[in-house]
Amino acid sequence: MSSEGAHILVVDDEPRLRGLLSRYLTEQGFRVTMAESAAQARDKLRFMDFDLMVLDVMMPGESGLELTGGLRGERAPDMPILLLTARDAPEDIIAGFEAGADDYLGKPFDPRVLLARIRAMLRRAQPPALPAGPLQLGGKMFDASRAELVGPNSRVRLTGAELALLMALAARPHEILSREALAAALGLDDVNERAIDVQVTRLRRKIEPDPREPRFLHTVRGKGYTLKPGP
């Protein structure tokens, strides 16, 4: 997906920050809609389509984490979500990824870093098709050309990060991909091992019969991960 003209929903209870982000992102060629609360964001999502959401974690009422978790099971399972927060301890970052966020940026931040993260997330939102045919993962099939995972009865919803991870692994089945390679596929600036492990855990919940005993997505100790398709 090209970033030019992409529609971004900015959700933050601080009027000054909302205004600054709106002006800056508009200057970069984005369409921007603002919301001051999770409730207002939900209202806008009912009537408008967005390519990405920039979401503050600490807000009165429903928090950004709660909104993220709710949206993943509701009307916006695939929309990339970038969390903003002054709380950037490892456990806070992990909580964000576990809720379903695609990226996490601590406050204060350089607007240029935010811009780079947004562009990387939009690139991931529509991954390039792979030449390989569909891969069987037990009772599910992953069709890279359609960027979808289909179960016996329905399509399995994947977040942007989960899809980017599965695409990277499916492009090189049976090969070991390092955490550095997976970080690049996820558009991360550095190799946050725990963040990658969290995304792998989330993906296993979607593709494995028993995520505790993986049949398809294997950990290779000290080296990374490998995808081994099969019946």
# chains A, B, ... in the order shown; residues from 1 in each chain; ligands from 1
$ residues_around --residues "A:Leu137" --least-positions-apart "3" --cutoff "6 Å" --atoms "only C-alpha atoms" --output "MDAnalysis selection string"
chainID A and resid 140:141 229:230
$ closest_atom_pairs --of "stretch 179-215 of chain A" --to "stretch 151-157 of chain A" --cutoff "12 Å" --atoms "only C-alpha atoms" --output "JSON lines"
{"residue": "A:Arg202", "atom": "CA", "partner": "A:Arg157", "partner_atom": "CA", "distance": 11.7}
{"residue": "A:Leu203", "atom": "CA", "partner": "A:Arg157", "partner_atom": "CA", "distance": 10.5}
{"residue": "A:Arg205", "atom": "CA", "partner": "A:Val156", "partner_atom": "CA", "distance": 10.8}
{"residue": "A:Lys206", "atom": "CA", "partner": "A:Val156", "partner_atom": "CA", "distance": 7.2}
{"residue": "A:Ile207", "atom": "CA", "partner": "A:Val156", "partner_atom": "CA", "distance": 8.9}
{"residue": "A:Glu208", "atom": "CA", "partner": "A:Gly151", "partner_atom": "CA", "distance": 11.3}
{"residue": "A:Pro209", "atom": "CA", "partner": "A:Gly151", "partner_atom": "CA", "distance": 11.5}
$ residues_around --residues "stretch 47-62 of chain A" --least-positions-apart "3" --cutoff "7 Å" --atoms "only C-alpha atoms" --output "list in words"
Ala6, His7, Ile8, Leu9, Val10, Val11, Asp12, Asp13, Ser37, Ala38, Lys44, Leu65, Glu66, Leu67, Met79, Pro80, Ile81, Leu82, Leu83, Leu84 and Thr85 of chain A
$ write_last_selection --atoms "C-alpha atoms" --output "CSV table (one decimal), in the first residue's frame"
chain,number,residue,atom,x,y,z
A,6,ALA,CA,-3.5,6.9,3.3
A,7,HIS,CA,-6.3,7.6,5.8
A,8,ILE,CA,-5.0,7.7,9.4
A,9,LEU,CA,-7.0,7.8,12.6
A,10,VAL,CA,-5.2,9.6,15.4
A,11,VAL,CA,-6.6,8.9,18.9
A,12,ASP,CA,-5.3,10.9,21.8
A,13,ASP,CA,-6.9,12.7,24.7
A,37,SER,CA,-11.3,9.0,23.2
A,38,ALA,CA,-11.7,5.3,22.5
A,44,LYS,CA,-15.7,7.0,13.6
A,65,LEU,CA,-4.7,-1.4,25.1
A,66,GLU,CA,-8.4,-2.2,25.7
A,67,LEU,CA,-9.4,-0.6,22.5
A,79,MET,CA,-5.9,-2.4,10.5
A,80,PRO,CA,-2.4,-1.6,11.5
A,81,ILE,CA,-2.2,0.0,15.0
A,82,LEU,CA,0.7,2.0,16.3
A,83,LEU,CA,0.6,2.6,20.1
A,84,LEU,CA,1.9,5.8,21.6
A,85,THR,CA,2.7,6.0,25.3
$ closest_residue --among "A:Ala39, A:Ala195, A:Leu17, A:Leu114" --to "A:Ala95" --atoms "only C-alpha atoms"
A:Ala195
$ closest_residue --among "A:Arg119, A:Asp197, A:Glu14, A:Arg204" --to "A:Phe30" --atoms "only C-alpha atoms"
A:Arg119
$ select_by_dssp --residues "stretch 143-197 of chain A" --states "strand (DSSP E or B)" --output "VMD selection string"
chain A and resid 143 148 to 150 155 to 156 177
$ write_last_selection --atoms "all heavy atoms" --output "CSV table (one decimal), in the first residue's frame"
chain,number,residue,atom,x,y,z
A,143,ASP,N,-2.6,-19.0,1.5
A,143,ASP,CA,-2.4,-18.6,0.1
A,143,ASP,C,-1.7,-17.3,0.1
A,143,ASP,O,-2.4,-16.3,0.3
A,143,ASP,CB,-3.8,-18.6,-0.6
A,143,ASP,CG,-3.6,-18.4,-2.1
A,143,ASP,OD1,-2.6,-17.9,-2.5
A,143,ASP,OD2,-4.6,-18.6,-2.8
A,148,GLU,N,-4.0,-14.6,2.5
A,148,GLU,CA,-5.1,-15.1,3.4
A,148,GLU,C,-4.8,-16.5,3.9
A,148,GLU,O,-4.3,-17.3,3.2
A,148,GLU,CB,-6.4,-15.0,2.8
A,148,GLU,CG,-6.7,-15.9,1.7
A,148,GLU,CD,-8.1,-15.8,1.1
A,148,GLU,OE1,-8.8,-14.7,1.4
A,148,GLU,OE2,-8.6,-16.7,0.4
A,149,LEU,N,-5.3,-16.7,5.2
A,149,LEU,CA,-5.2,-18.0,5.8
A,149,LEU,C,-6.6,-18.5,5.9
A,149,LEU,O,-7.5,-17.8,6.5
A,149,LEU,CB,-4.5,-17.9,7.2
A,149,LEU,CG,-4.4,-19.2,8.0
A,149,LEU,CD1,-3.5,-20.2,7.4
A,149,LEU,CD2,-3.9,-18.8,9.4
A,150,VAL,N,-6.9,-19.7,5.4
A,150,VAL,CA,-8.3,-20.2,5.4
A,150,VAL,C,-8.3,-21.5,6.1
A,150,VAL,O,-7.6,-22.4,5.9
A,150,VAL,CB,-8.7,-20.4,3.9
A,150,VAL,CG1,-10.2,-21.0,3.9
A,150,VAL,CG2,-8.7,-19.1,3.1
A,155,ARG,N,-12.3,-18.0,6.7
A,155,ARG,CA,-11.0,-17.3,6.7
A,155,ARG,C,-10.6,-17.0,8.1
A,155,ARG,O,-11.4,-16.6,9.0
A,155,ARG,CB,-11.1,-16.1,5.9
A,155,ARG,CG,-9.9,-15.3,5.8
A,155,ARG,CD,-10.1,-13.9,5.1
A,155,ARG,NE,-8.9,-13.1,5.1
A,155,ARG,CZ,-8.8,-11.9,4.7
A,155,ARG,NH1,-10.0,-11.3,4.4
A,155,ARG,NH2,-7.7,-11.2,4.7
A,156,VAL,N,-9.3,-17.2,8.4
A,156,VAL,CA,-8.7,-16.9,9.7
A,156,VAL,C,-8.2,-15.4,9.7
A,156,VAL,O,-7.4,-15.1,8.8
A,156,VAL,CB,-7.6,-17.8,10.1
A,156,VAL,CG1,-7.0,-17.5,11.4
A,156,VAL,CG2,-8.1,-19.3,10.1
A,177,LEU,N,14.9,-18.6,9.7
A,177,LEU,CA,14.9,-17.2,9.6
A,177,LEU,C,15.4,-16.6,11.0
A,177,LEU,O,14.7,-16.9,12.0
A,177,LEU,CB,13.6,-16.6,9.2
A,177,LEU,CG,13.4,-16.5,7.7
A,177,LEU,CD1,13.3,-17.9,7.0
A,177,LEU,CD2,12.1,-15.7,7.4
$ residues_around --residues "A:Ile93" --least-positions-apart "4" --cutoff "9 Å" --atoms "only C-alpha atoms" --output "compact mmCIF listing (two decimals) with N, CA and C atoms, in the first residue's frame"
# COMPACT_ATOMS: atom_id res chain seq x y z
N ARG A 87 4.87 5.25 28.77
CA ARG A 87 5.29 4.04 29.49
C ARG A 87 5.89 3.07 28.48
N ASP A 88 7.23 3.04 28.43
CA ASP A 88 7.89 2.20 27.42
C ASP A 88 8.84 1.18 28.05
N ALA A 89 8.51 0.74 29.27
CA ALA A 89 9.26 -0.35 29.88
C ALA A 89 8.98 -1.63 29.10
N PHE A 97 1.99 -5.43 22.35
CA PHE A 97 2.02 -6.43 21.28
C PHE A 97 1.04 -7.56 21.55
N GLU A 98 0.93 -7.96 22.80
CA GLU A 98 0.01 -9.04 23.13
C GLU A 98 -1.44 -8.63 22.93
N ASP A 103 2.96 -1.98 16.27
CA ASP A 103 4.19 -1.28 16.62
C ASP A 103 3.92 -0.43 17.85
N TYR A 104 5.00 0.09 18.46
CA TYR A 104 4.92 0.75 19.76
C TYR A 104 5.97 1.83 19.78
N LEU A 105 5.59 3.06 20.10
CA LEU A 105 6.52 4.18 20.12
C LEU A 105 6.36 4.96 21.41
N ALA A 195 9.61 -8.89 21.58
CA ALA A 195 8.52 -8.46 20.71
C ALA A 195 8.30 -9.46 19.59
$ select_by_dssp --residues "stretch 89-149 of chain A" --states "alpha helix (DSSP H)" --output "VMD selection string"
chain A and resid 90 to 99 111 to 125
